[in-house]
Each structure stands twice: as structure tokens, then as C-alpha cells.
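Visitor: Here you go, structure.txt (compact mmCIF, C-alpha atoms):
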# COMPACT_ATOMS: atom_id res chain seq x y z
CA MET T 1 75.76 -34.17 3.21
CA VAL T 2 73.56 -33.94 6.30
CA ALA T 3 72.63 -30.37 5.49
CA ARG T 4 71.75 -31.29 1.96
CA LEU T 5 69.54 -34.19 3.12
CA THR T 6 67.80 -31.95 5.61
CA LEU T 7 67.06 -29.32 3.00
CA PHE T 8 65.84 -32.01 0.60
CA ALA T 9 63.58 -33.46 3.29
CA VAL T 10 62.15 -30.04 4.06
CA ALA T 11 61.55 -29.43 0.38
CA MET T 12 59.80 -32.78 -0.01
CA VAL T 13 57.53 -32.08 2.99
CA ALA T 14 56.59 -28.70 1.54
CA MET T 15 55.79 -30.26 -1.83
CA VAL T 16 53.61 -32.93 -0.21
CA ALA T 17 51.78 -30.27 1.80
CA LEU T 18 51.14 -28.19 -1.31
CA THR T 19 49.92 -31.22 -3.22
CA ALA T 20 47.65 -32.51 -0.45
CA ALA T 21 45.94 -29.22 0.45
CA PRO T 22 43.01 -28.53 -1.95
CA SER T 23 42.73 -25.02 -3.28
CA HIS T 24 39.80 -22.77 -2.42
CA SER T 25 38.56 -23.14 -5.99
CA GLN T 26 38.54 -26.93 -5.66
CA VAL T 27 36.60 -26.72 -2.42
CA ASP T 28 34.10 -24.33 -4.01
CA VAL T 29 33.61 -26.58 -7.02
CA GLU T 30 33.06 -29.65 -4.87
CA ALA T 31 30.63 -27.80 -2.59
CA SER T 32 28.77 -26.53 -5.63
CA GLN T 33 28.57 -30.01 -7.14
CA ASP T 34 27.25 -31.36 -3.84
CA ARG T 35 24.54 -28.70 -3.78
CA HIS T 36 23.57 -29.58 -7.33
CA ARG T 37 23.30 -33.27 -6.45
CA ARG T 38 21.06 -32.43 -3.51
CA ILE T 39 18.86 -30.23 -5.72
CA ASP T 40 18.61 -33.02 -8.29
CA ALA T 41 17.61 -35.44 -5.54
CA ILE T 42 14.75 -33.18 -4.44
CA PHE T 43 13.32 -33.09 -7.95
CA ALA T 44 14.08 -36.72 -8.85
CA PRO T 45 10.38 -37.73 -8.56
CA TRP T 46 9.60 -35.16 -11.28
CA SER T 47 12.44 -36.05 -13.63
CA GLY T 48 10.95 -38.91 -15.62
CA PRO T 49 9.57 -38.94 -19.17
CA ASN T 50 5.98 -39.45 -17.96
CA THR T 51 5.64 -36.64 -15.45
CA PRO T 52 5.27 -32.87 -15.50
CA GLY T 53 8.02 -31.02 -13.70
CA CYS T 54 9.64 -27.65 -13.25
CA ALA T 55 12.69 -25.55 -14.02
CA VAL T 56 15.09 -24.49 -11.28
CA GLY T 57 17.49 -21.60 -11.18
CA VAL T 58 19.96 -21.05 -8.33
CA SER T 59 21.72 -17.73 -7.83
CA ARG T 60 24.43 -17.11 -5.21
CA SER T 61 25.85 -13.68 -4.52
CA GLY T 62 24.29 -12.35 -7.68
CA VAL T 63 25.80 -15.06 -9.88
CA VAL T 64 23.72 -17.76 -11.57
CA GLU T 65 25.18 -21.04 -10.35
CA TYR T 66 22.79 -23.71 -11.57
CA VAL T 67 19.88 -23.96 -13.99
CA ARG T 68 18.13 -27.16 -14.99
CA GLY T 69 14.79 -28.46 -16.16
CA TYR T 70 13.03 -31.53 -14.77
CA GLY T 71 10.19 -33.55 -16.28
CA GLN T 72 8.06 -32.76 -19.29
CA SER T 73 6.79 -29.48 -20.65
CA ASN T 74 4.18 -31.25 -22.76
CA LEU T 75 3.31 -34.87 -22.00
CA GLU T 76 1.30 -35.31 -25.18
CA HIS T 77 4.16 -34.29 -27.46
CA ASP T 78 7.03 -35.55 -25.28
CA VAL T 79 8.64 -32.13 -24.87
CA PRO T 80 11.08 -31.85 -21.94
CA ILE T 81 11.34 -28.86 -19.64
CA THR T 82 14.56 -26.92 -20.08
CA PRO T 83 15.92 -23.66 -18.62
CA ALA T 84 14.46 -21.99 -21.73
CA SER T 85 10.91 -23.20 -21.04
CA VAL T 86 8.26 -20.54 -20.52
CA PHE T 87 5.88 -20.73 -17.54
CA HIS T 88 2.61 -19.09 -16.58
CA VAL T 89 3.19 -17.64 -13.13
CA ALA T 90 -0.46 -16.85 -12.39
CA SER T 91 -1.17 -14.45 -9.54
CA ILE T 92 2.45 -13.40 -9.26
CA ALA T 93 1.12 -10.87 -11.78
CA LYS T 94 -0.47 -9.00 -8.91
CA GLN T 95 2.83 -7.66 -7.58
CA PHE T 96 3.63 -6.19 -11.00
CA THR T 97 0.15 -4.66 -11.24
CA ALA T 98 0.57 -3.05 -7.82
CA PHE T 99 4.10 -1.96 -8.81
CA SER T 100 2.63 -0.25 -11.88
CA ILE T 101 0.16 1.65 -9.70
CA GLY T 102 3.05 2.70 -7.44
CA LEU T 103 4.94 4.08 -10.44
CA LEU T 104 1.89 6.11 -11.47
CA VAL T 105 1.72 7.47 -7.92
CA GLU T 106 5.38 8.52 -8.19
CA ASP T 107 4.56 10.13 -11.52
CA GLY T 108 1.94 12.23 -9.75
CA LEU T 109 -0.85 10.86 -11.93
CA LEU T 110 -2.94 9.34 -9.15
CA SER T 111 -3.12 8.76 -5.40
CA LEU T 112 -3.68 5.56 -3.46
CA ASP T 113 -6.49 7.36 -1.64
CA ASP T 114 -8.37 8.19 -4.86
CA ASP T 115 -11.91 6.90 -5.27
CA ILE T 116 -11.74 4.29 -8.03
CA ARG T 117 -14.86 5.81 -9.63
CA GLN T 118 -12.62 8.71 -10.64
CA TYR T 119 -11.10 6.30 -13.18
CA LEU T 120 -13.85 3.68 -13.38
CA PRO T 121 -17.18 5.54 -13.45
CA GLU T 122 -18.88 2.29 -14.48
CA ILE T 123 -18.59 1.01 -10.90
CA PRO T 124 -21.71 1.90 -8.86
CA ASP T 125 -21.66 4.36 -5.98
CA TYR T 126 -22.00 2.21 -2.85
CA GLY T 127 -22.24 5.11 -0.41
CA ARG T 128 -18.63 4.86 0.70
CA PRO T 129 -15.72 5.15 -1.75
CA ILE T 130 -13.57 2.21 -2.73
CA THR T 131 -10.02 3.52 -2.92
CA ILE T 132 -7.14 2.32 -5.05
CA SER T 133 -5.49 1.25 -1.81
CA ASN T 134 -8.53 -0.94 -1.04
CA LEU T 135 -8.08 -2.70 -4.36
CA ILE T 136 -4.36 -3.33 -3.77
CA HIS T 137 -4.84 -4.69 -0.24
CA HIS T 138 -7.94 -6.83 -0.92
CA THR T 139 -10.14 -4.69 1.32
CA SER T 140 -12.56 -3.42 -1.35
CA GLY T 141 -15.56 -5.63 -0.58
CA LEU T 142 -15.96 -6.39 -4.29
CA ARG T 143 -17.42 -9.74 -5.26
CA GLU T 144 -15.20 -12.26 -7.01
CA GLN T 145 -15.28 -12.01 -10.79
CA GLY T 146 -15.26 -15.74 -11.51
CA GLN T 147 -18.25 -16.47 -9.31
CA ILE T 148 -20.42 -13.65 -10.59
CA LEU T 149 -19.60 -14.52 -14.20
CA ASN T 150 -20.55 -18.14 -13.47
CA LEU T 151 -23.88 -16.89 -12.12
CA ALA T 152 -24.28 -14.86 -15.31
CA GLY T 153 -23.89 -17.99 -17.44
CA TRP T 154 -20.16 -18.40 -18.04
CA ARG T 155 -18.85 -21.92 -17.50
CA GLY T 156 -15.60 -22.53 -15.65
CA ASP T 157 -13.49 -23.01 -18.78
CA ASP T 158 -15.16 -20.30 -20.91
CA LEU T 159 -13.11 -17.36 -22.07
CA TYR T 160 -13.90 -14.04 -20.44
CA THR T 161 -12.30 -10.69 -21.09
CA GLN T 162 -11.50 -7.56 -19.12
CA ALA T 163 -14.63 -6.01 -20.63
CA ASP T 164 -16.70 -8.94 -19.35
CA VAL T 165 -15.31 -8.49 -15.84
CA LEU T 166 -16.10 -4.77 -15.87
CA TRP T 167 -19.60 -5.51 -17.18
CA ALA T 168 -20.27 -7.95 -14.35
CA LEU T 169 -18.84 -5.75 -11.60
CA SER T 170 -20.72 -2.69 -12.82
CA ARG T 171 -24.01 -4.52 -12.24
CA GLN T 172 -23.44 -5.45 -8.60
CA ARG T 173 -25.92 -3.59 -6.39
CA SER T 174 -23.94 -4.06 -3.18
CA LEU T 175 -20.61 -5.16 -1.79
CA ASN T 176 -19.69 -8.13 0.38
CA PHE T 177 -18.59 -5.73 3.14
CA GLU T 178 -17.86 -2.06 3.70
CA PRO T 179 -14.53 -1.08 2.12
CA GLY T 180 -11.65 -1.18 4.56
CA THR T 181 -13.39 -3.30 7.20
CA GLU T 182 -12.31 -6.79 6.09
CA ILE T 183 -9.63 -8.49 4.04
CA VAL T 184 -10.81 -10.97 1.41
CA TYR T 185 -8.58 -12.00 -1.47
CA THR T 186 -10.08 -11.11 -4.83
CA ASN T 187 -8.98 -11.23 -8.46
CA ALA T 188 -11.62 -8.68 -9.41
CA ALA T 189 -9.72 -5.89 -7.64
CA TYR T 190 -6.62 -6.53 -9.72
CA SER T 191 -8.59 -6.67 -12.95
CA LEU T 192 -9.78 -3.15 -12.09
CA LEU T 193 -6.25 -2.03 -11.17
CA ALA T 194 -5.04 -3.18 -14.60
CA LEU T 195 -7.78 -1.11 -16.20
CA ILE T 196 -6.82 1.93 -14.11
CA VAL T 197 -3.21 1.60 -15.30
CA GLN T 198 -4.46 1.48 -18.86
CA ARG T 199 -6.73 4.50 -18.56
CA VAL T 200 -4.25 6.66 -16.64
CA SER T 201 -1.12 5.81 -18.64
CA GLY T 202 -2.71 5.41 -22.04
CA GLN T 203 -0.96 2.05 -22.39
CA SER T 204 -2.08 -1.52 -21.83
CA LEU T 205 -0.76 -3.12 -18.67
CA ARG T 206 1.47 -5.29 -20.86
CA ALA T 207 3.03 -2.31 -22.64
CA PHE T 208 3.37 -0.35 -19.39
CA THR T 209 5.09 -3.15 -17.47
CA GLU T 210 7.44 -3.92 -20.34
CA ALA T 211 8.52 -0.26 -20.64
CA ARG T 212 8.63 0.65 -16.95
CA ILE T 213 9.48 -2.61 -15.14
CA PHE T 214 10.70 -5.57 -17.19
CA GLN T 215 13.00 -3.81 -19.66
CA PRO T 216 14.70 -1.56 -17.07
CA LEU T 217 15.33 -4.62 -14.87
CA GLY T 218 16.64 -6.73 -17.73
CA MET T 219 13.72 -9.17 -17.45
CA ASP T 220 13.66 -9.75 -21.19
CA ALA T 221 11.91 -13.12 -20.96
CA THR T 222 8.92 -11.95 -18.91
CA TYR T 223 5.75 -10.41 -20.32
CA LEU T 224 2.02 -10.25 -19.71
CA ARG T 225 0.12 -12.44 -22.15
CA ASP T 226 -2.94 -10.34 -22.92
CA ASP T 227 -4.05 -12.22 -26.05
CA HIS T 228 -5.25 -15.80 -25.49
CA ASN T 229 -4.64 -16.57 -29.18
CA GLU T 230 -0.98 -15.53 -29.01
CA ALA T 231 1.46 -18.37 -29.56
CA SER T 232 4.13 -18.54 -26.87
CA LEU T 233 7.31 -20.32 -27.87
CA ASP T 234 8.44 -23.00 -25.40
CA ARG T 235 5.36 -22.50 -23.20
CA VAL T 236 4.84 -25.18 -20.54
CA VAL T 237 1.47 -26.89 -20.20
CA GLY T 238 0.08 -26.96 -16.65
CA TYR T 239 -0.97 -30.31 -15.19
CA GLN T 240 -2.67 -31.66 -12.10
CA ALA T 241 -2.77 -35.18 -10.73
CA ARG T 242 -5.87 -37.30 -11.19
CA ALA T 243 -6.98 -40.54 -9.61
CA GLY T 244 -6.31 -43.75 -11.49
CA GLY T 245 -4.04 -44.44 -14.41
CA GLY T 246 -0.30 -44.69 -14.55
CA GLY T 247 2.53 -42.85 -16.26
CA ALA T 248 1.43 -39.79 -18.20
CA SER T 249 -2.25 -40.77 -17.82
CA ALA T 250 -1.98 -40.01 -14.10
CA PHE T 251 -2.12 -36.29 -14.97
CA GLN T 252 -4.56 -33.97 -16.68
CA THR T 253 -4.11 -30.46 -17.97
CA SER T 254 -5.13 -27.67 -15.63
CA THR T 255 -6.56 -24.31 -16.62
CA THR T 256 -4.74 -21.25 -15.35
CA THR T 257 -5.78 -17.63 -15.63
CA GLY T 258 -2.28 -16.38 -14.82
CA GLN T 259 -1.04 -13.84 -17.31
CA PRO T 260 2.68 -13.31 -16.63
CA ILE T 261 4.99 -15.61 -18.54
CA CYS T 262 8.51 -16.20 -17.28
CA ARG T 263 11.55 -18.02 -18.65
CA PRO T 264 14.12 -18.91 -15.93
CA ARG T 265 16.97 -19.51 -18.39
CA SER T 266 19.24 -16.91 -16.84
CA GLY T 267 18.22 -17.24 -13.21
CA THR T 268 15.83 -14.31 -13.49
CA CYS T 269 12.50 -14.06 -15.25
For this file, produce the structure as C-alpha cells.

Guide:
Amino acid sequence: MVARLTLFAVAMVAMVALTAAPSHSQVDVEASQDRHRRIDAIFAPWSGPNTPGCAVGVSRSGVVEYVRGYGQSNLEHDVPITPASVFHVASIAKQFTAFSIGLLVEDGLLSLDDDIRQYLPEIPDYGRPITISNLIHHTSGLREQGQILNLAGWRGDDLYTQADVLWALSRQRSLNFEPGTEIVYTNAAYSLLALIVQRVSGQSLRAFTEARIFQPLGMDATYLRDDHNEASLDRVVGYQARAGGGGASAFQTSTTTGQPICRPRSGTC
């Protein structure tokens, strides 16, 4: 009888131990839920019905763990942001433009040390060549396209095209500094890089990036919006805060010239 009781006691202790000890999967789930709560807390100020917001995607060890939208995609029409919302990502485009140039270098179709006038003869000869590398690294000395178009009569919210940018740059009699001697961020350089990609590859930058970058990487929700009249499903309106007012009236739409559009629904663009 004693032996039987002892064995029974040992068995009961083992069962209690197995019941009390949480499994690794339980611990992982609880830790994941805690992370999600902390993420939600960070974006709580942007989660109401009268505020713009954002979409968040969290990936751990190559696995998408959490995706969620916060706030409104369109305040006027009461459209919430979701993981399927589409965002302008503005000058993040520049890395894909530079990537495209790098692919053309690998293809043997150009060199970073090439004079840009080899591909853009419209640009004046300033006595020292501006190289493709100068354009990529913001060391070209070119004047900023927005400012010179404003001086030419364009207003801040007017539409201007790639052809307009080339027209304005081709009429500049000098540079801001000698190429390679200073670093000054400029959008004009990347407008010219996009045109070089087009002229060398025979494709628009949109077509080139889709075929050579986005599709091979599985980025099926990212593209360059090169037609301002193109309707973009689920596109998010950009907003900025303004003084006075409450609720949705505390914000106004903001103009962005960013071309890439990204949907974070799967944790990648």
C-alpha cells in the first residue's frame, strides 16, 4: 500500500508540473500579444475617426507577425486605413532609381563615371563634366528643379512634368558649385537619372523597375505612379496639422511629389 501511494504521489506531482509549466508556444503567443499591445499603444493617438494615421507591418525572422491600420485614409469620406491601403512613399523612390542605374551598369550599358551629356545632350557644357555618380550622390551642383520652375512662373501646386524639368535645367547658365566639391540634396538629379534609365533601357522608369526590381522581389503592390490622372485603388490622402480647429478640421491635405506607391498588406511593399 505504501508503495502504491508513493507511486501515485509521484504521478500526481508530475501531472501538476506538466500542467503548470507553459509550453514554448504559449510563451511565444503571450510575448507576441504583448508586443502587439505595445505597438497599439504607440499609435493610439492616431487611431481615432478624426485623425490621419498609418499602417504598420511587423516581420520577425522573415515571417509577418502583425499588420494593422490606424486612423483614417480619407477624412472627408471617412475611409479607415487598413493593411491594404496604398501610400505615397515620396523620396524613397530615389533608392529604386539609383538601383536601376546600378543594374544598367551591371548590364554594361553605362558607367557611373560617364558624363551625363552622353545621355542628356540638352544639359549645357559647364566646363567640367557632371557624372552619373555626381547625380546619385547629390554632388552635381545642379539647381533645384522646384525653385527654378517657381522662378519661371510655376506655382507651388502646379503640375510639372519630366519634360518641364529638363526644359528648366537645360537653360541654366551655371551651377551652384563645381561638380564633386560639395554635397547638396537635390531632386533635379534624380529626375535626370530617371530620364537616363529611360533613354538607355528604352523603357520608362516605371516599366524598368517593375520588370527588374519589384516583380523579381515579389513586391507586387509597389509601383511608380507616372501618370497624375491614374486612379489608385485604396490610395491614402496625405495630411498635415494646421493651427486651430478640432477633430478632422485640425488637419489639411498636403501635396506630395513622391511617385512610389506601396501597400504594406503583406509586410513588404

Visitor: What's the separation between atom CA of T:His138 and atom CA of T:Leu112, in Å to one decimal place?

Guide: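 Going from atom CA of T:His138 over to atom CA of T:Leu112 covers 13.3 Å.
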
Visitor: Would you list the contacts of stretch 196-199 of chain T as a list in words, taking every protein, DNA or RNA residue within 9 Å and counting all atoms listed in the file, but skipping same-chain residues closer than 6 positions in sequence?

Guide: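 In the requested form, the answer reads Thr97, Ser100, Ile101, Leu104, Ile116, Tyr119, Leu120, Leu205 and Phe208 of chain T.
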
Visitor: Quote the spacing between atom CA of T:Val184 and atom CA of T:Arg206 in Å to one decimal place.

Guide: 26.1 Å

Visitor: Looking at T:Leu142, T:Cys54, T:Ala211, T:Val63, which one is nearest to T:Ser85, with distances taken over all atoms listed in the file?

Guide: T:Cys54

Visitor: Tell me which protein, DNA and RNA residues are within 10 Å of T:Glu122, counting all atoms listed in the file, leaving out same-chain ones fewer than 5 positions away, and put them as a list in words.

Guide: Ile116, Arg117, Leu166, Trp167, Leu169, Ser170 and Arg171 of chain T

Visitor: Can you take stretch 65-77 of chain T from the block and write C-alpha atoms as a PDB file, in the first residue's frame?

Guide:
ATOM      1  CA  GLU T  65       3.747  38.756 -37.391  1.00  0.00           C
ATOM      2  CA  TYR T  66       1.468  41.770 -37.230  1.00  0.00           C
ATOM      3  CA  VAL T  67      -0.205  44.137 -39.672  1.00  0.00           C
ATOM      4  CA  ARG T  68      -2.718  46.816 -38.762  1.00  0.00           C
ATOM      5  CA  GLY T  69      -4.006  50.174 -39.889  1.00  0.00           C
ATOM      6  CA  TYR T  70      -4.558  53.178 -37.634  1.00  0.00           C
ATOM      7  CA  GLY T  71      -6.611  56.309 -38.265  1.00  0.00           C
ATOM      8  CA  GLN T  72      -8.223  57.470 -41.477  1.00  0.00           C
ATOM      9  CA  SER T  73      -7.127  57.143 -45.075  1.00  0.00           C
ATOM     10  CA  ASN T  74      -9.533  59.876 -46.156  1.00  0.00           C
ATOM     11  CA  LEU T  75     -11.029  62.189 -43.540  1.00  0.00           C
ATOM     12  CA  GLU T  76     -13.533  63.699 -45.946  1.00  0.00           C
ATOM     13  CA  HIS T  77     -15.061  60.351 -46.880  1.00  0.00           C
TER      14      HIS T  77
END
